[in-house]
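Undergrad: input05.txt is the file, holding compact mmCIF, C-alpha atoms and all ligand atoms:
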```
# COMPACT_ATOMS: atom_id res chain seq x y z
CA MET A 1 113.06 96.18 51.74
CA ILE A 2 112.55 93.99 54.77
CA ARG A 3 111.71 96.30 57.72
CA ASN A 4 112.98 94.08 60.51
CA PRO A 5 115.64 91.85 58.90
CA LYS A 6 116.64 88.71 60.78
CA PRO A 7 120.20 87.30 60.87
CA ILE A 8 119.39 84.96 57.97
CA HIS A 9 118.32 87.88 55.74
CA ILE A 10 121.40 89.95 56.61
CA ALA A 11 123.73 86.97 56.09
CA LEU A 12 122.11 86.18 52.70
CA LEU A 13 122.41 89.77 51.51
CA VAL A 14 125.96 90.38 52.68
CA SER A 15 127.32 87.04 51.48
CA GLY A 16 125.54 87.47 48.11
CA ILE A 17 127.05 90.94 47.59
CA LEU A 18 130.51 89.73 48.65
CA ALA A 19 130.47 86.65 46.40
CA LEU A 20 129.14 88.71 43.47
CA ALA A 21 131.87 91.33 43.92
CA ILE A 22 134.58 88.65 43.97
CA ALA A 23 133.05 86.90 40.93
CA LEU A 24 132.91 90.18 38.96
CA VAL A 25 136.54 90.98 39.77
CA LEU A 26 137.62 87.46 38.74
CA TYR A 27 135.63 87.54 35.50
CA PHE A 28 136.20 91.07 34.28
CA VAL A 29 139.52 92.11 35.83
CA LEU A 30 141.45 88.87 36.12
CA GLU A 31 139.60 87.33 33.11
CA SER A 32 139.19 83.91 34.77
CA GLU A 33 137.20 81.18 33.11
CA LEU A 34 133.44 81.18 33.68
CA ILE A 35 133.43 77.74 35.30
CA ASN A 36 136.07 78.87 37.84
CA VAL A 37 134.14 82.06 38.52
CA ILE A 38 130.95 80.03 39.20
CA ILE A 39 132.81 77.66 41.55
CA ILE A 40 134.46 80.54 43.45
CA PHE A 41 131.10 82.42 43.60
CA THR A 42 129.33 79.37 45.04
CA LEU A 43 132.09 78.65 47.55
CA THR A 44 132.42 82.28 48.67
CA ALA A 45 128.66 82.73 48.95
CA GLY A 46 128.20 79.50 50.94
CA LEU A 47 131.13 80.04 53.25
CA SER A 48 130.50 83.71 53.93
CA PHE A 49 126.76 83.03 54.44
CA PHE A 50 127.62 80.41 57.03
CA LEU A 51 130.15 82.71 58.76
CA PHE A 52 127.87 85.78 58.80
CA PHE A 53 124.83 83.84 59.86
CA TYR A 54 126.67 82.00 62.64
CA THR A 55 128.31 85.19 63.95
CA LEU A 56 125.11 87.22 63.88
CA GLU A 57 122.86 84.53 65.26
CA PHE A 58 125.04 83.08 67.99
CA PHE A 59 127.27 85.95 69.02
CA ILE A 60 125.08 89.00 68.56
CA TYR A 61 121.37 88.09 68.40
CA ARG A 62 121.42 85.54 71.19
CA LYS A 63 123.17 88.03 73.43
CA ILE A 64 120.66 90.78 72.57
CA LYS A 65 117.83 88.32 73.25
CA LEU A 66 119.36 87.64 76.61
CA ILE A 67 119.57 91.38 77.42
CA TYR A 68 115.97 91.82 76.31
CA LYS A 69 114.87 88.89 78.41
CA THR A 70 116.68 90.30 81.43
CA ILE A 71 115.15 93.78 81.02
CA HIS A 72 111.74 92.25 80.60
CA SER A 73 112.07 90.03 83.64
CA LEU A 74 113.52 92.89 85.73
CA LYS A 75 110.57 95.02 84.79
CA THR A 76 107.93 92.47 85.59
CA GLN A 77 109.86 90.83 88.44
CA LYS A 78 108.47 87.47 87.27
CA TYR A 79 111.65 85.79 86.15
CA ASP A 80 110.39 82.23 85.85
CA ALA A 81 107.20 83.07 83.98
CA VAL A 82 109.10 85.27 81.54
CA ILE A 83 111.69 82.61 80.75
CA GLU A 84 108.95 80.02 80.24
CA ASN A 85 106.80 82.22 78.01
CA PHE A 86 109.61 83.93 76.18
CA SER A 87 109.15 83.67 72.43
CA TRP A 88 112.45 83.23 70.59
CA GLU A 89 110.58 83.70 67.33
CA LYS A 90 109.92 87.41 67.94
CA ASP A 91 112.35 89.95 66.49
CA PRO A 92 114.51 90.67 69.55
CA ILE A 93 115.89 94.05 68.40
CA PHE A 94 112.44 95.43 67.74
CA GLU A 95 111.05 93.96 70.96
CA MET A 96 114.03 95.23 72.93
CA SER A 97 113.65 98.80 71.60
CA LYS A 98 109.99 98.67 72.60
CA GLU A 99 110.85 97.36 76.04
CA VAL A 100 113.67 99.88 76.57
CA ILE A 101 111.42 102.80 75.58
CA ASN A 102 108.65 101.63 77.93
CA TRP A 103 111.13 100.89 80.66
CA ALA A 104 112.77 104.30 80.34
CA ARG A 105 109.37 106.00 80.41
CA ASP A 106 108.32 104.09 83.55
CA LYS A 107 111.65 104.81 85.24
CA LYS A 108 111.37 108.50 84.38
CA MET A 109 107.90 108.62 85.94
CA GLU A 110 109.24 106.84 89.02
CA ILE A 111 112.17 109.27 89.29
CA ASP A 112 109.86 112.29 88.87
CA GLN A 113 107.64 110.92 91.62
CA LEU A 114 110.61 110.35 93.92
CA LYS A 115 111.90 113.87 93.19
CA LYS A 116 108.50 115.29 94.12
CA VAL A 117 108.49 113.34 97.39
CA ALA A 118 112.05 114.51 98.13
CA ASP A 119 111.10 118.17 97.45
CA PHE A 120 108.03 117.75 99.59
CA ARG A 121 110.13 116.37 102.45
CA LYS A 122 112.68 119.17 102.13
CA GLU A 123 109.92 121.78 102.14
CA PHE A 124 108.21 120.17 105.12
CA LEU A 125 111.46 119.99 107.09
CA GLY A 126 112.17 123.64 106.26
CA ASN A 127 108.68 124.65 107.39
CA VAL A 128 108.89 122.68 110.64
CA SER A 129 112.30 124.16 111.50
CA HIS A 130 111.05 127.63 110.72
CA GLU A 131 107.93 127.19 112.86
CA LEU A 132 109.94 125.79 115.79
CA LYS A 133 112.55 128.53 115.52
CA THR A 134 110.13 131.40 116.30
CA PRO A 135 108.96 130.27 119.77
CA ILE A 136 112.37 128.81 120.70
CA PHE A 137 114.16 132.10 119.92
CA SER A 138 111.54 134.02 121.85
CA ILE A 139 111.88 131.76 124.96
CA GLN A 140 115.67 131.97 124.67
CA GLY A 141 115.57 135.77 124.42
CA TYR A 142 113.31 136.28 127.45
CA LEU A 143 115.19 133.79 129.65
CA HIS A 144 118.60 135.30 128.86
CA THR A 145 117.30 138.82 129.46
CA LEU A 146 115.92 137.69 132.83
CA LEU A 147 119.22 135.99 133.74
CA ASP A 148 121.16 139.08 132.72
CA GLY A 149 119.40 141.07 135.45
CA ALA A 150 115.82 141.69 134.31
CA ILE A 151 114.69 139.14 136.91
CA TYR A 152 115.22 141.81 139.62
CA ASP A 153 113.26 144.40 137.69
CA GLU A 154 109.74 144.22 139.15
CA GLU A 155 108.34 146.07 136.15
CA VAL A 156 109.27 143.48 133.54
CA ASN A 157 110.10 140.17 135.20
CA THR A 158 106.53 138.79 135.33
CA LYS A 159 105.76 140.13 131.86
CA PHE A 160 108.84 138.40 130.37
CA LEU A 161 108.05 135.14 132.16
CA LYS A 162 104.47 135.25 130.87
CA LYS A 163 105.73 135.82 127.33
CA ALA A 164 108.19 132.94 127.63
CA ALA A 165 105.38 130.73 128.99
CA LYS A 166 103.16 131.71 126.04
CA SER A 167 105.90 130.64 123.63
CA THR A 168 106.23 127.29 125.38
CA ASP A 169 102.44 126.83 124.96
CA ARG A 170 102.86 127.59 121.26
CA LEU A 171 105.72 125.12 121.02
CA SER A 172 103.64 122.46 122.70
CA ASP A 173 100.65 123.17 120.37
CA LEU A 174 102.95 122.87 117.38
CA VAL A 175 104.42 119.55 118.52
CA ALA A 176 100.92 118.21 119.32
CA ASP A 177 99.69 119.20 115.83
CA LEU A 178 102.78 117.70 114.19
CA LEU A 179 102.23 114.43 116.03
CA GLU A 180 98.57 114.46 115.03
CA ILE A 181 99.37 115.10 111.37
CA SER A 182 102.09 112.46 111.26
CA SER A 183 99.78 109.85 112.78
CA LEU A 184 97.04 110.83 110.31
CA GLU A 185 99.45 110.66 107.38
CA SER A 186 100.99 107.36 108.37
CA GLY A 187 97.61 105.82 107.53
CA GLU A 188 97.88 103.52 110.53
CA LEU A 189 95.26 105.45 112.38
CA GLN A 190 92.23 103.51 113.59
CA MET A 191 88.93 105.36 113.39
CA ASN A 192 86.71 104.64 116.38
CA LEU A 193 83.28 105.01 114.88
CA ASP A 194 80.43 105.95 117.19
CA ARG A 195 76.86 107.15 116.83
CA PHE A 196 76.50 110.65 118.26
CA ASP A 197 74.59 113.89 117.90
CA ILE A 198 76.69 116.43 115.99
CA ASN A 199 74.61 119.34 117.29
CA SER A 200 75.36 118.56 120.93
CA LEU A 201 79.07 118.13 120.06
CA THR A 202 79.08 121.58 118.40
CA LYS A 203 77.46 123.07 121.52
CA ASP A 204 80.16 121.40 123.63
CA VAL A 205 82.86 123.00 121.49
CA TYR A 206 81.05 126.37 121.67
CA GLU A 207 81.21 126.16 125.47
CA GLN A 208 84.96 125.61 125.30
CA PHE A 209 85.34 128.83 123.26
CA GLU A 210 82.86 130.95 125.21
CA ILE A 211 85.51 133.15 126.84
CA LYS A 212 87.57 133.61 123.64
CA ALA A 213 84.39 134.54 121.72
CA LYS A 214 83.34 137.03 124.43
CA GLU A 215 86.72 138.77 124.23
CA LYS A 216 85.88 139.66 120.62
CA ASN A 217 82.13 140.00 121.24
CA ILE A 218 81.48 137.19 118.80
CA GLU A 219 78.18 135.35 119.16
CA LEU A 220 78.27 131.57 118.80
CA LEU A 221 74.99 130.42 117.26
CA ILE A 222 73.22 127.36 115.92
CA LYS A 223 71.27 128.35 112.80
CA GLU A 224 67.49 128.56 113.12
CA GLY A 225 65.81 125.25 112.55
CA CYS A 226 69.05 123.32 113.16
CA ASN A 227 68.99 123.27 116.95
CA LYS A 228 67.89 119.64 117.25
CA PRO A 229 69.67 116.28 117.23
CA PHE A 230 71.43 115.23 114.01
CA PHE A 231 72.90 111.78 114.45
CA VAL A 232 76.05 110.80 112.59
CA ILE A 233 78.41 107.86 112.65
CA ALA A 234 82.03 109.00 112.96
CA ASP A 235 85.06 109.17 115.25
CA LYS A 236 83.67 111.56 117.89
CA PHE A 237 87.05 112.52 119.34
CA ARG A 238 88.47 113.45 115.95
CA ILE A 239 85.33 115.25 114.77
CA ARG A 240 85.64 117.30 117.94
CA THR A 241 89.17 118.25 116.75
CA VAL A 242 87.63 119.31 113.39
CA LEU A 243 85.02 121.50 115.11
CA VAL A 244 87.62 122.93 117.52
CA ASN A 245 89.80 124.00 114.57
CA LEU A 246 86.91 125.49 112.57
CA VAL A 247 85.28 127.29 115.51
CA SER A 248 88.63 128.57 116.77
CA ASN A 249 89.47 129.91 113.27
CA SER A 250 86.04 131.55 113.01
CA ILE A 251 86.87 133.52 116.17
CA LYS A 252 90.55 134.09 115.35
CA TYR A 253 89.79 135.43 111.86
CA GLY A 254 86.31 136.77 112.69
CA LYS A 255 85.41 140.44 113.12
CA GLU A 256 84.59 142.02 116.50
CA HIS A 257 80.82 141.87 117.18
CA GLY A 258 80.52 139.19 114.54
CA VAL A 259 78.71 135.86 114.49
CA THR A 260 79.80 132.24 114.16
CA SER A 261 76.94 129.97 113.16
CA ALA A 262 76.64 126.22 112.76
CA SER A 263 74.10 124.59 110.48
CA TYR A 264 73.28 121.04 109.38
CA TYR A 265 71.69 119.78 106.17
CA VAL A 266 70.57 116.24 105.43
CA MET A 267 71.87 115.24 101.99
CA GLY A 268 70.85 111.69 101.16
CA ASP A 269 72.94 109.34 103.30
CA ASN A 270 75.09 112.18 104.61
CA ILE A 271 74.79 115.27 106.75
CA LEU A 272 76.51 118.48 105.67
CA ILE A 273 77.85 120.42 108.64
CA GLU A 274 78.71 124.07 108.07
CA ILE A 275 80.57 126.53 110.30
CA ALA A 276 80.20 130.08 109.01
CA ASP A 277 81.73 133.32 110.24
CA THR A 278 81.32 137.00 109.48
CA GLY A 279 85.06 137.70 109.25
CA ASP A 280 87.13 139.37 106.56
CA GLY A 281 86.90 136.38 104.24
CA ILE A 282 89.60 134.78 102.11
CA SER A 283 90.41 135.88 98.58
CA GLN A 284 89.51 133.28 95.89
CA GLU A 285 93.14 132.94 94.80
CA PHE A 286 94.15 131.61 98.24
CA LEU A 287 91.19 129.27 98.77
CA PRO A 288 92.63 126.23 96.95
CA ARG A 289 95.75 126.32 99.16
CA ILE A 290 94.43 126.87 102.67
CA PHE A 291 94.24 123.14 103.45
CA GLU A 292 97.99 122.79 102.80
CA ARG A 293 100.27 122.33 105.77
CA PHE A 294 101.66 125.62 107.10
CA TYR A 295 99.81 127.65 104.49
CA ARG A 296 98.70 131.02 105.81
CA VAL A 297 96.90 133.69 103.88
CA ASP A 298 98.37 136.54 105.88
CA LYS A 299 101.70 135.10 106.90
CA SER A 300 102.93 137.87 109.18
CA ARG A 301 99.56 138.31 110.89
CA SER A 302 98.82 134.69 111.66
CA ARG A 303 102.25 133.84 112.98
CA SER A 304 103.01 136.90 115.05
CA ASN A 305 99.45 137.40 116.17
CA GLU A 306 98.78 136.66 119.82
CA ALA A 307 96.22 134.11 118.71
CA GLY A 308 98.38 132.89 115.78
CA GLY A 309 97.92 129.19 115.18
CA THR A 310 100.28 126.51 113.99
CA GLY A 311 99.23 126.66 110.34
CA LEU A 312 98.36 122.97 110.57
CA GLY A 313 94.73 123.21 111.73
CA LEU A 314 93.03 122.98 108.34
CA ALA A 315 95.45 120.31 107.10
CA ILE A 316 94.43 118.21 110.12
CA VAL A 317 90.74 118.92 109.41
CA LYS A 318 91.14 117.71 105.82
CA HIS A 319 92.99 114.55 106.88
CA ILE A 320 90.35 113.65 109.47
CA ILE A 321 87.43 114.16 107.09
CA GLU A 322 89.18 112.23 104.31
CA ALA A 323 89.93 109.39 106.75
CA HIS A 324 86.12 109.16 107.12
CA HIS A 325 85.90 108.97 103.29
CA GLN A 326 84.02 112.25 103.31
CA ALA A 327 84.73 115.71 101.87
CA VAL A 328 85.52 119.15 103.20
CA ASN A 329 84.99 122.42 101.32
CA VAL A 330 85.20 126.15 101.80
CA ARG A 331 83.56 129.19 100.28
CA SER A 332 84.32 132.75 101.14
CA THR A 333 83.47 136.32 100.20
CA ILE A 334 85.88 139.12 100.99
CA GLY A 335 84.34 141.43 103.58
CA LYS A 336 81.42 139.08 104.29
CA GLY A 337 82.88 135.94 105.78
CA THR A 338 83.90 132.33 105.30
CA THR A 339 81.97 129.07 105.48
CA PHE A 340 83.64 125.70 105.98
CA GLY A 341 81.54 122.62 105.27
CA PHE A 342 82.14 118.90 105.71
CA THR A 343 79.98 115.83 105.36
CA LEU A 344 79.53 112.86 107.69
CA LYS A 345 77.53 109.67 107.36
CA ALA A 346 74.05 110.12 108.81
CA ILE A 347 72.40 107.50 111.03
CA GLN A 348 68.95 107.30 112.62
P1 LIG B 1 96.38 128.74 111.44
O1 LIG B 1 96.98 127.99 112.55
O2 LIG B 1 97.30 129.74 110.81
O3 LIG B 1 95.03 129.27 111.77
P2 LIG B 1 94.94 126.91 109.70
O4 LIG B 1 95.43 125.71 108.96
O5 LIG B 1 93.85 126.71 110.70
O6 LIG B 1 96.22 127.61 110.32
O7 LIG B 1 94.45 127.96 108.63
C1 LIG B 1 95.26 128.26 107.52
C2 LIG B 1 95.04 129.71 107.07
O8 LIG B 1 93.74 129.84 106.50
C3 LIG B 1 95.07 130.71 108.22
O9 LIG B 1 96.38 131.14 108.48
C4 LIG B 1 94.21 131.82 107.69
O10 LIG B 1 94.98 132.67 106.89
C5 LIG B 1 93.19 131.11 106.80
N1 LIG B 1 91.90 130.88 107.50
C6 LIG B 1 91.49 129.76 108.12
N2 LIG B 1 90.23 129.89 108.61
C7 LIG B 1 89.83 131.13 108.28
C8 LIG B 1 88.61 131.88 108.48
N3 LIG B 1 87.57 131.35 109.13
N4 LIG B 1 88.56 133.13 107.98
C9 LIG B 1 89.61 133.67 107.30
N5 LIG B 1 90.77 133.03 107.07
C10 LIG B 1 90.89 131.77 107.56
```
If you convert what's in this file into structure tokens, what do you get?
Ligand code: ADP

TA:
Amino acid sequence: MIRNPKPIHIALLVSGILALAIALVLYFVLESELINVIIIFTLTAGLSFFLFFYTLEFFIYRKIKLIYKTIHSLKTQKYDAVIENFSWEKDPIFEMSKEVINWARDKKMEIDQLKKVADFRKEFLGNVSHELKTPIFSIQGYLHTLLDGAIYDEEVNTKFLKKAAKSTDRLSDLVADLLEISSLESGELQMNLDRFDINSLTKDVYEQFEIKAKEKNIELLIKEGCNKPFFVIADKFRIRTVLVNLVSNSIKYGKEHGVTSASYYVMGDNILIEIADTGDGISQEFLPRIFERFYRVDKSRSRSNEAGGTGLGLAIVKHIIEAHHQAVNVRSTIGKGTTFGFTLKAIQ
């Protein structure tokens, strides 16, 4: 059997069978003369072959070829080249099935990807609304209580105003982080690369957190042997944001009377910068997710906590380090503490 019959094969077969059937009926049933049977057989075979072949080739195959050609050109978007290079000798039905299967597979992958992006957007929108809702409701609650008379109550009026002010700070932090993350994700961000000493930048950030660290009796240290200049080439302003997030987390999630220590290691062309704390640590099962936007290990604690952050800090850290084509990592032991590390390009 021919696996991929062409119109000529089909027309030959069908017209042959038809002419043979007619000839057999004429000869055996109607008992016509042999010469007449041969003439009728030849005429029927010739005529029906011509009819079948013409119909198949011009009405069906050519149209299928056209569909195939259109699918192919739609897929590649190179209409002219496809029409020029199109081989009319190929079996169009076989080629079309191949194309349709490939096309369907590609489209399915595209649709799956779009669905993922849509889910991601929905989730992000849900998270943003949820995060905005908490401080807005709190501000609304305090202001209405004050307007309903609490403003004249000396015992609570300042307290309520302070709480409302704290929520506005939180709201402003959240919007600032959202703006930062959207500018980082848009990919349009320009990195302003500078040569600077990472150790003196860490010390700068430590100074900023001196009071917060004292409140929890946390010591901010530079590891022994590391308190000297380590020059890197990076966007100083954004690396400061990275250090601010890591140092602030080390205090926020660190234990009272604990230690935050910074260390630097030269690794070939790069320098590994580590910020370690002596906090409660993060369980291994949560570690792979902590760089996700709005991901919190202890959801209730981080959000309602006085010092509760936006849940975007580590996502911003990851974006900034990746924009430098470098890597960020974390290791943690429950009860002992957490160490965040990132690399930057070293320079003399
Ligand atoms: P947040 O604003 O909640 O601090 P981050 O993106 O900075 O958001 O951190 C995400 C989560 O990772 C935090 O909610 C916290 O659960 C966990 N985390 C981050 N840093 C530390 C740390 N040094 N020790 C323990 N847990 C941490």

Undergrad: With only C-alpha atoms as the basis for distance, which of A:Tyr253, A:Phe49, A:Phe120, A:Phe231 is at the shortest distance from Val297 of chain A?

TA: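 Under the stated criterion, the closest residue is A:Tyr253.
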
Undergrad: If you count all atoms listed in the file, which residues end up within 7 Å of ligand LIG 1 (chain B), as a PyMOL selection string?

TA: chain A and resi 245-246+249-250+253-254+277+279-282+290-291+293-299+302-303+308-315+337-338

Undergrad: Using all atoms of segment 191-208 of chain A that appear in the file, construct an axis-aligned enclosing box with 5 Å of padding on every side and provide its centre coordinates and edge lengths in Å, rounded to one decimal, as lines of an AutoDock Vina configuration file.

TA:
```
center_x = 81.8
center_y = 115.5
center_z = 119.4
size_x = 24.3
size_y = 31.7
size_z = 22.1
```

Undergrad: State, in Å with one decimal place, the distance from atom CA of Ile60 of chain A to atom CA of Leu12 of chain A.

TA: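 Going from atom CA of Ile60 of chain A over to atom CA of Leu12 of chain A, I get 16.4 Å.
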
Undergrad: Ranking A:Ile251, A:Val128, A:Ala118, A:Leu287 by minimum distance to Thr333 of chain A and counting only C-alpha atoms, which one comes first?

TA: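 Using only C-alpha atoms, the shortest distance to Thr333 of chain A belongs to A:Leu287.
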
Undergrad: Quick one: pull the distance between atom CA of Asn199 of chain A and atom CA of Asn217 of chain A, Å, one decimal.

TA: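 Going from atom CA of Asn199 of chain A over to atom CA of Asn217 of chain A, I get 22.3 Å.
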
Undergrad: What lies within 10 Å of segment 53-59 of chain A using only C-alpha atoms, ignoring chain neighbours under 6 positions off, as a list in words?

TA: Lys6, Pro7, Ile8, His9, Ile10, Ala11, Leu12, Val14, Ser15 and Leu47 of chain A

Undergrad: Nearest to Glu188 of chain A: which of A:Lys122, A:Thr241, A:Ala323, A:Leu161 is it, counting all atoms listed in the file?

TA: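 Smallest separation from Glu188 of chain A among the options: A:Ala323.
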
Undergrad: Please measure the separation of atom CA of Phe52 of chain A and atom CA of Pro5 of chain A, giving the value in Å to one decimal.

TA: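 These two atoms are separated by 13.7 Å.
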